[in-house]
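A.B. asks: Structure below; questions to follow.
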Amino acid sequence: MGLLNDSIEFARETLKHYDAGHNWSHSERVLKLSRKIRELENNGDLLVIDLSAVLHDIGDTKFHAGEEEDGGDMACEFLLSHGLEDEKAQQVRYIINHISFKKHFEEQVGRSIEFQIVQDADRLDAMGAIGIARAFNYGGYKNRAMYDPDFPLQAYGDTESYKKSEAPTINHFYEKLFKLKAMMNTNTGRRMAEERHEYMVGFVEKFKQEWQGLI
Ligand code: ADP
Ligand code: NI
């Protein structure tokens with residue numbers, strides 16, 4: 001299909017300078033996971049889900065100097081100029097502008113099934129073996145410590161303080177990754193999150209034992 005392929009090309013190009021955990025391979029996994037969840041939930045508009053998954057990170061402010069809303073606006077503009085009907089383009093814009101974990105501090109309304117599915121897929125890709133790899137890759141990209149037992153865990157109350165964190169990567173497991181299981185939207189997402197969650201918990205346990213020279 002023309003529009004989807006064009007959107008994939010647009011995303012690939014835009015995500016080129018992102019770190020290995022946020023580049024096109026991440027969005028491609030989110031696309032596959034979204035389709036799988038949609039199939040099992042037997043619900044949701046396929047085109048809106050596909051386009052939202054493909055374009056969801058194009059305006060990520062970790063890699064893109066601009067405003068938080070740029071991603072959804074850029075996607076919407078692109079989709080309209082490629083002939084997508086306004087209603088669907090606005091749906092994609094909303095999803096992209098609200099999908100991020102850092103946005104969960106704000107109240108959210110209008111969470112469509114398409115929104116819930118793509119958000120679950122994005123969160124699943126932050127968990128499990130891939131989630132561990134992405135966290136350490138991002139920590140390395142930011143030159144953060146892997147672990148510092150003296151660095152206290154933070155309870156972020158808003159988007160800004162979460163974004164400013166300089167915490168070691170192990171802290172990110174407690175501050176975000178371990179919370180995701182309870183935040184899944186769909187039954188399918190919740191089920192898929194179980195194994196990935198347990199895998200991360202086991203990993204952090206072993207990491208700490210090895211760090212202390214216990215095993
Ligand atoms: P979202 O995709 O919901 O916007 P983020 O972009 O904050 O969430 O995080 C995406 C992924 O990037 C995380 O799941 C993690 O792998 C990595 N990441 C982000 N912030 C950190 C951090 N402070 N330490 C380690 N990894 C991080
Ligand atoms: Ni993402």
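Residue numbers start at 1 in each chain; chains themselves are named A, B, ... in the order of the structure tokens; ligands are numbered from 1 in the order shown.
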Sorted by chain and rising residue number, which residues of chain A lie within 8 Å of ligand 2, and what are their closest atom pairs and distances in Å to one decimal, counting only C-alpha atoms and all ligand atoms, as a tab-separated table?
C.D. replies:
```
residue	atom	partner	partner_atom_place_in_ligand_line	distance
A:His22	CA	ligand 2	1 (Ni)	6.4
A:His26	CA	ligand 2	1 (Ni)	6.6
A:Ser27	CA	ligand 2	1 (Ni)	6.4
A:Val30	CA	ligand 2	1 (Ni)	7.3
A:His56	CA	ligand 2	1 (Ni)	6.4
A:Asp57	CA	ligand 2	1 (Ni)	5.5
A:Ser100	CA	ligand 2	1 (Ni)	7.3
A:Asp122	CA	ligand 2	1 (Ni)	5.0
A:Arg123	CA	ligand 2	1 (Ni)	7.6
A:Asp125	CA	ligand 2	1 (Ni)	7.7
```
A.B. asks: Keeping only all heavy atoms, write the selected residues to a file as a short mmCIF file (atom, residue, chain, number, x, y, z; two decimals), in the first residue's frame.
C.D. replies:
```cif
data_model
loop_
_atom_site.label_atom_id
_atom_site.label_comp_id
_atom_site.auth_asym_id
_atom_site.auth_seq_id
_atom_site.Cartn_x
_atom_site.Cartn_y
_atom_site.Cartn_z
N HIS A 22 15.91 3.37 19.66
CA HIS A 22 14.78 4.18 19.21
C HIS A 22 14.76 4.35 17.68
O HIS A 22 14.02 5.18 17.16
CB HIS A 22 14.81 5.59 19.83
CG HIS A 22 14.53 5.60 21.29
ND1 HIS A 22 15.49 5.37 22.24
CD2 HIS A 22 13.38 5.83 21.98
CE1 HIS A 22 14.96 5.46 23.45
NE2 HIS A 22 13.68 5.73 23.33
N HIS A 26 13.10 -0.28 16.26
CA HIS A 26 12.12 -0.18 17.36
C HIS A 26 10.72 0.02 16.81
O HIS A 26 9.78 -0.69 17.18
CB HIS A 26 12.51 0.95 18.32
CG HIS A 26 11.39 1.41 19.20
ND1 HIS A 26 10.78 0.60 20.13
CD2 HIS A 26 10.74 2.61 19.29
CE1 HIS A 26 9.82 1.27 20.75
NE2 HIS A 26 9.76 2.49 20.25
N SER A 27 10.56 0.96 15.90
CA SER A 27 9.22 1.23 15.36
C SER A 27 8.69 0.02 14.58
O SER A 27 7.49 -0.26 14.59
CB SER A 27 9.25 2.48 14.47
OG SER A 27 9.52 3.60 15.27
N VAL A 30 7.38 -2.31 17.09
CA VAL A 30 6.10 -1.79 17.60
C VAL A 30 4.99 -2.06 16.59
O VAL A 30 3.87 -2.43 16.96
CB VAL A 30 6.21 -0.29 17.95
CG1 VAL A 30 4.85 0.30 18.32
CG2 VAL A 30 7.20 -0.08 19.09
N HIS A 56 5.29 6.79 15.39
CA HIS A 56 5.10 7.27 16.76
C HIS A 56 6.30 7.99 17.37
O HIS A 56 6.14 8.79 18.28
CB HIS A 56 4.63 6.12 17.68
CG HIS A 56 5.73 5.24 18.19
ND1 HIS A 56 6.24 4.19 17.47
CD2 HIS A 56 6.44 5.27 19.34
CE1 HIS A 56 7.20 3.60 18.17
NE2 HIS A 56 7.34 4.24 19.31
N ASP A 57 7.51 7.70 16.90
CA ASP A 57 8.69 8.31 17.54
C ASP A 57 9.36 9.40 16.71
O ASP A 57 10.45 9.86 17.08
CB ASP A 57 9.72 7.22 17.89
CG ASP A 57 9.57 6.73 19.33
OD1 ASP A 57 8.91 7.42 20.13
OD2 ASP A 57 10.11 5.64 19.65
N SER A 100 3.66 8.54 24.86
CA SER A 100 4.90 8.37 25.63
C SER A 100 4.67 8.18 27.13
O SER A 100 3.77 8.77 27.72
CB SER A 100 5.78 9.61 25.40
OG SER A 100 6.90 9.54 26.23
N ASP A 122 4.31 -0.35 22.25
CA ASP A 122 5.49 0.48 22.55
C ASP A 122 6.04 0.11 23.93
O ASP A 122 7.25 0.03 24.14
CB ASP A 122 5.08 1.96 22.51
CG ASP A 122 6.28 2.90 22.49
OD1 ASP A 122 7.35 2.52 21.98
OD2 ASP A 122 6.13 4.04 22.98
N ARG A 123 5.16 -0.14 24.87
CA ARG A 123 5.59 -0.49 26.22
C ARG A 123 6.18 -1.90 26.27
O ARG A 123 7.15 -2.13 26.99
CB ARG A 123 4.40 -0.36 27.18
CG ARG A 123 4.08 1.11 27.43
CD ARG A 123 2.89 1.33 28.31
NE ARG A 123 2.81 2.75 28.66
CZ ARG A 123 1.79 3.30 29.27
NH1 ARG A 123 0.74 2.57 29.60
NH2 ARG A 123 1.82 4.60 29.58
N ASP A 125 7.89 -3.27 24.00
CA ASP A 125 9.25 -3.20 23.45
C ASP A 125 10.23 -2.55 24.42
O ASP A 125 11.44 -2.55 24.18
CB ASP A 125 9.26 -2.46 22.10
CG ASP A 125 10.49 -2.82 21.27
OD1 ASP A 125 10.71 -4.03 21.03
OD2 ASP A 125 11.26 -1.91 20.90
#
```
A.B. asks: Determine, using only C-alpha atoms, which residues of stretch 27-127 of chain A have any atom at most 10 Å from an atom of stretch 161-175 of chain A, and tabulate each with its shortest atom pair and distance in Å to one decimal place, rows ordered by chain and then rising number, as a Markdown table.
C.D. replies:
```
| residue | atom | partner | partner_atom | distance |
| --- | --- | --- | --- | --- |
| A:Thr61 | CA | A:Lys163 | CA | 9.5 |
| A:Lys62 | CA | A:Lys163 | CA | 8.5 |
| A:Phe101 | CA | A:Tyr162 | CA | 9.6 |
| A:Lys102 | CA | A:Tyr162 | CA | 6.8 |
| A:Lys103 | CA | A:Tyr162 | CA | 9.9 |
| A:Phe105 | CA | A:Tyr162 | CA | 9.6 |
| A:Ala126 | CA | A:Phe173 | CA | 10.0 |
| A:Met127 | CA | A:Phe173 | CA | 9.3 |
```
A.B. asks: I need the residues from that last selection saved to file as a PDB file, in the first residue's frame (with N, CA, C and O atoms), if you can.
C.D. replies:
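Writing the result to result.pdb gives the following:
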```
ATOM      1  N   THR A  61      11.512  14.077  21.660  1.00  0.00           N
ATOM      2  CA  THR A  61      12.336  15.236  22.025  1.00  0.00           C
ATOM      3  C   THR A  61      13.696  14.831  22.605  1.00  0.00           C
ATOM      4  O   THR A  61      14.531  15.686  22.840  1.00  0.00           O
ATOM      5  N   LYS A  62      13.916  13.520  22.811  1.00  0.00           N
ATOM      6  CA  LYS A  62      15.254  13.103  23.217  1.00  0.00           C
ATOM      7  C   LYS A  62      16.227  13.240  22.042  1.00  0.00           C
ATOM      8  O   LYS A  62      17.426  13.339  22.225  1.00  0.00           O
ATOM      9  N   PHE A 101       5.548   7.370  27.745  1.00  0.00           N
ATOM     10  CA  PHE A 101       5.498   7.126  29.188  1.00  0.00           C
ATOM     11  C   PHE A 101       5.535   8.449  29.958  1.00  0.00           C
ATOM     12  O   PHE A 101       4.845   8.602  30.965  1.00  0.00           O
ATOM     13  N   LYS A 102       6.327   9.385  29.487  1.00  0.00           N
ATOM     14  CA  LYS A 102       6.466  10.642  30.242  1.00  0.00           C
ATOM     15  C   LYS A 102       5.165  11.426  30.277  1.00  0.00           C
ATOM     16  O   LYS A 102       4.977  12.306  31.094  1.00  0.00           O
ATOM     17  N   LYS A 103       4.232  11.071  29.391  1.00  0.00           N
ATOM     18  CA  LYS A 103       2.933  11.746  29.359  1.00  0.00           C
ATOM     19  C   LYS A 103       1.923  11.161  30.345  1.00  0.00           C
ATOM     20  O   LYS A 103       0.835  11.690  30.504  1.00  0.00           O
ATOM     21  N   PHE A 105       1.911  11.215  33.375  1.00  0.00           N
ATOM     22  CA  PHE A 105       1.722  12.096  34.528  1.00  0.00           C
ATOM     23  C   PHE A 105       0.521  13.018  34.302  1.00  0.00           C
ATOM     24  O   PHE A 105      -0.045  13.557  35.228  1.00  0.00           O
ATOM     25  N   ALA A 126       9.713  -1.979  25.519  1.00  0.00           N
ATOM     26  CA  ALA A 126      10.592  -1.449  26.574  1.00  0.00           C
ATOM     27  C   ALA A 126      10.867  -2.521  27.624  1.00  0.00           C
ATOM     28  O   ALA A 126      11.612  -2.292  28.565  1.00  0.00           O
ATOM     29  N   MET A 127      10.235  -3.700  27.462  1.00  0.00           N
ATOM     30  CA  MET A 127      10.347  -4.765  28.473  1.00  0.00           C
ATOM     31  C   MET A 127      11.107  -5.971  27.913  1.00  0.00           C
ATOM     32  O   MET A 127      11.453  -6.013  26.749  1.00  0.00           O
TER      33      MET A 127
END
```
A.B. asks: Using only C-alpha atoms, what table do you get, as CSV, when you list each residue of stretch 15-43 of chain A with an atom no more than 12 Å from stretch 139-160 of chain A, its nearest pair of atoms, and their distance in Å rounded to one decimal, rows by chain then rising number?
C.D. replies:
```
residue,atom,partner,partner_atom,distance
A:His17,CA,A:Tyr141,CA,11.9
A:Tyr18,CA,A:Tyr141,CA,9.9
A:Asp19,CA,A:Tyr141,CA,7.0
A:Ala20,CA,A:Tyr141,CA,9.1
A:Gly21,CA,A:Tyr141,CA,9.9
A:His22,CA,A:Tyr141,CA,11.4
```
A.B. asks: Of the residues A:Ala133, A:Cys76, A:Met192, A:Met183, which is the one nearest to ligand 1, using only C-alpha atoms and all ligand atoms?
C.D. replies: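 Selected residue with least distance to ligand 1: A:Ala133.
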A.B. asks: Could you find all residues in stretch 105-158 of chain A that DSSP calls helix (DSSP H, G or I) from the backbone, and write them as a VMD selection string?
C.D. replies: chain A and resid 105 113 to 124 128 to 141
A.B. asks: Mind checking which residues fall within 12 Å of A:Gly71, counting only C-alpha atoms, ignoring those fewer than 5 positions away in the same chain, and posting them as a PyMOL selection string?
C.D. replies: chain A and resi 11+14-15+52+54-66+76-78+92-100
A.B. asks: Smallest atom-to-atom distance to ligand 1: which of A:Lys32, A:Arg191, A:Lys206, A:His104, using only C-alpha atoms and all ligand atoms?
C.D. replies: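 Checking each candidate against ligand 1, we get A:His104 as the closest.
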A.B. asks: Quick one: everything within 8 Å of A:Lys181, counting only C-alpha atoms, minus sequence neighbours fewer than 4 positions away in the same chain. Send it as a PyMOL selection string.
C.D. replies: chain A and resi 190+193-194+197
A.B. asks: In Å to one decimal, how far is atom 16 (O, counted along the ligand's line) of ligand 1 from atom CA of A:Gly128?
C.D. replies: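 Separation of atom CA of A:Gly128 and atom 16 (O, counted along the ligand's line) of ligand 1: 10.2 Å.
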A.B. asks: Atom CA of A:Gly44 to atom CA of A:Glu114: how many Å, to one decimal?
C.D. replies: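 Separation between atom CA of A:Gly44 and atom CA of A:Glu114: 5.3 Å.
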